[in-house]
Each structure stands twice: as C-alpha cells, then as structure tokens.
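Scroll down for the structure; my scribbles are underneath it.
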Amino acid sequence: MFKIALVEDEQDLANLVMIYLKKEGYEVTHYTTGEEALKDIKKGYNLWILDIMLPGMISGYDLIKEIREENSVVPVIFTSARDQDIDKIMGLELGSDDYLAKPYSLRELMLRVKAILSRCYKDEDKANIIKYENYSIDLDKRSVDADGETLFLTSKEYDLLCYLLDNKNKALSREQIINHVWGDEYYGSDRVVDDLLRRLRSKMPNINVETIYGYGYRLLW
C-alpha cells in the first residue's frame with residue numbers, strides 16, 4: 001500500500017482529496033501546516049502532495065527543500081492558487097515532479113498520482129514489496145532493507161515480522177503468534193515470543209510494536 005502525505009490547509013479540499021485517495025487504496029496522512037509535516041519527513045512516504053501557500057513560517061517551497069535533503073527521489077506534486085507560471089517554474093527548479101493549479105479536478109489529481117507512483121515504483125509494483133517506516137520488505141525474496149541496506153533476519157524473525165504486518169493495528173496474543181511462527185505443536189514457554197520480538201526490535205529499531213501486557217503485541221501502522 002502506497003503512503004501519501006497531503007499538506008493542505010484548506011480543510012474542505014483536504015477532506016475531498018483524502019476521500020478520493022483512500023478510495024483508490026492509498027494510505028493518506030494529512031497535515032495543515034509545514035511545521036507539522038516537517039516533523040514527519042523521515043516517515044518514508046511514497047508521495048508528497050504539497051500546497052505552496054501554507055499558514056505559519058514554513059511554505060511548500062521550504063518544505064520541499066527539507067524533503068529533498070532527506071530523500072532526493074521521493075515524488076512531489078505541488079499545488080497552488082497563485083501565479084501559475086512562477087509557481088510551476090519554482091516548483092520544478094526545487095525538484096517537484098508535477099504541478100496542479102487550483103482549483104483542480106480531483107479526477108485529474110488521481111490520474112497524476114497514479115501515473116507518478118506507477119513511474120517511480122514500477123519495479124516495486126511488479127515485486128511483492130511492503131513499505132513500513134524506512135523499511136522495504138520483499139515478500140518474494142523474504143528480505144528486508146533499511147535505507148538501502150539489507151538486514152539479516154532469521155527465518156522466525158522474518159515470519160514474526162510478516163505476521164505482524166499482515167495483522168497491523170490488531171492485538172495478537174502470544175498464543176496466536178506461537179501458533180503462526182512455531183506451529184501448534186510447540187509446547188514451550190510463551191516467553192519465547194518476547195525474546196523473538198526483542199531480537200527483531202534490536203535489528204529494526206523503527207518498528208512500532210505496542211506491548212499489551214498480559215496478552216501480546218500489536219503493530220501500529
């Protein structure tokens with residue numbers, strides 16, 4: 001599932017854009033100011049949709065500079081209701097991939113989003129890859145990369161990771177995890193789950209797994 005960051009201070013427009021994006025199957029996070037978005041530029045979004053004119057001290061121009069410092073290739077779509085030619089030129093010079101003048105058609109925005117994601121992630125579309133935080137999990141190769149470097153997970157660490165991802169935001173008991181990772185013929189202590197998760201966390205420090213005391217764990221997405 002592609003993760004999209006929408007930075008737009010017009011709440012009504014943002015609500016409509018989010019509805020359309022979610023209908024297309026995208027995961028969307030909305031920010032109303034550049035300051036809010038700046039805090040999350042390391043979250044590993046697949047696409048940014050930036051309004052140039054934002055409240056506060058950080059404009060879309062400022063934000064794309066910070067995004068490009070963090071990630072030089074992530075696609076960015078600029079939107080603006082100001083002078084179209086100037087904003088378009090400035091946006092392209094700063095590294096935006098596309099530009100839409102307000103008011104724009106939501107259908108056109110969706111088409112451009114699809115085109116950019118297809119172009120930028122065409123190899124990942126063909127592969128069975130999950131993006132989570134700064135991790136890229138290739139389900140076909142059973143491999144995990146973090147910022148371009150391969151992590152070395154044991155078979156059970158990888159199985160636990162995939163089980164958590166398949167059940168993101170769901171509470172999983174230790175018994176459920178044992179049955180999936182070790183099989184229903186395992187008769188040892190359920191603390192083996194805690195040890196395995198501790199090792200997984202040490203290798204993937206950005207994984208956000210919530211401990212449910214006395215029960216089990218939940219991967220927050």
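Here, A, B, ... name the chains of the structure tokens in the order displayed, residue numbers run from 1 inside each chain, and ligands are numbered from 1 in the same displayed order.
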List the spatial neighbours of stretch 199-210 of chain A as a PDB file with C-alpha atoms, in the first residue's frame - criterion: any atom at most 6 Å away, only C-alpha atoms, same-chain residues fewer than 3 positions off excluded.
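Listing of around05.pdb after writing:
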ATOM      1  CA  GLU A 157      12.241 -13.126  12.963  1.00  0.00           C
ATOM      2  CA  LEU A 196      11.995 -13.169  19.442  1.00  0.00           C
ATOM      3  CA  TYR A 217       1.528  -7.361  20.912  1.00  0.00           C
ATOM      4  CA  ARG A 218       0.163  -5.032  18.217  1.00  0.00           C
ATOM      5  CA  LEU A 219       1.976  -3.485  15.267  1.00  0.00           C
ATOM      6  CA  LEU A 220       0.935   0.160  14.899  1.00  0.00           C
TER       7      LEU A 220
END
List every residue of stretch 6-216 of chain A that DSSP, applied to the backbone of this structure, assigns to strand (DSSP E or B), and report them as an NGL selection string.
:A and (6-7 or 27-31 or 47-51 or 76-80 or 98-101 or 129-132 or 135-138 or 143-146 or 149-151 or 172-173 or 209-212 or 216)
Which residues in chain A does DSSP call alpha helix (DSSP H)? List them as a VMD selection string.
chain A and resid 11 to 23 34 to 38 60 to 70 84 to 94 106 to 120 122 to 126 155 to 166 174 to 181 191 to 203
Find the residues near A:Ser59: any atom within 8 Å, counting only C-alpha atoms, skip ones fewer than 6 places away on the same chain, and give them as a PDB file with N, CA and C atoms, in the first residue's frame.
ATOM      1  N   GLY A  34       3.218  23.464   7.340  1.00  0.00           N
ATOM      2  CA  GLY A  34       4.540  22.950   7.030  1.00  0.00           C
ATOM      3  C   GLY A  34       5.269  22.476   8.272  1.00  0.00           C
ATOM      4  N   ILE A  52       1.618  25.153  -1.917  1.00  0.00           N
ATOM      5  CA  ILE A  52       2.722  26.098  -1.767  1.00  0.00           C
ATOM      6  C   ILE A  52       2.444  27.098  -0.654  1.00  0.00           C
ATOM      7  N   MET A  53       1.229  27.654  -0.637  1.00  0.00           N
ATOM      8  CA  MET A  53       0.862  28.657   0.358  1.00  0.00           C
ATOM      9  C   MET A  53       0.301  27.969   1.597  1.00  0.00           C
TER      10      MET A  53
END
Which one of A:Glu133, A:Ile89, A:Met110, A:Val76 sits closest to A:Gly25 if you count only C-alpha atoms?
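So, comparing all the options, the nearest one is A:Met110.
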Per-residue nearest contacts of stretch 2-76 of chain A to stretch 136-154 of chain A (12 Å; only C-alpha atoms) as a Markdown table:
| residue | atom | partner | partner_atom | distance |
| --- | --- | --- | --- | --- |
| A:Phe2 | CA | A:Ser136 | CA | 11.9 |
| A:Lys42 | CA | A:Asp147 | CA | 10.8 |
| A:Lys43 | CA | A:Asp147 | CA | 11.6 |
| A:Gly44 | CA | A:Asp147 | CA | 9.6 |
| A:Tyr45 | CA | A:Ser136 | CA | 11.9 |
| A:Asn46 | CA | A:Ser136 | CA | 11.6 |
| A:Glu70 | CA | A:Asp147 | CA | 11.1 |
| A:Asn71 | CA | A:Asp147 | CA | 10.2 |
As a VMD selection string, please: the residues near A:Tyr213 (cut-off 12 Å, only C-alpha atoms, same-chain neighbours under 4 positions excluded).
chain A and resid 171 to 174 194 217 to 218
For A:Thr29, work out the shell of residues within 7 Å, counting only C-alpha atoms and skipping chain neighbours fewer than 5 positions away, then give it as a count of residues only.
3
To one decimal place in Å, what is the distance between atom CA of A:Cys162 and atom CA of A:Ser189?
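A separation of 21.8 Å between them.
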Distance of atom CA of A:Leu164 from atom CA of A:Asn179, expressed in Å to one decimal place
13.2 Å
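Distance check against A:Ser80 using only C-alpha atoms: of A:Leu54, A:Ile129, A:Val28, A:Met1, the minimum falls on A:Leu54.
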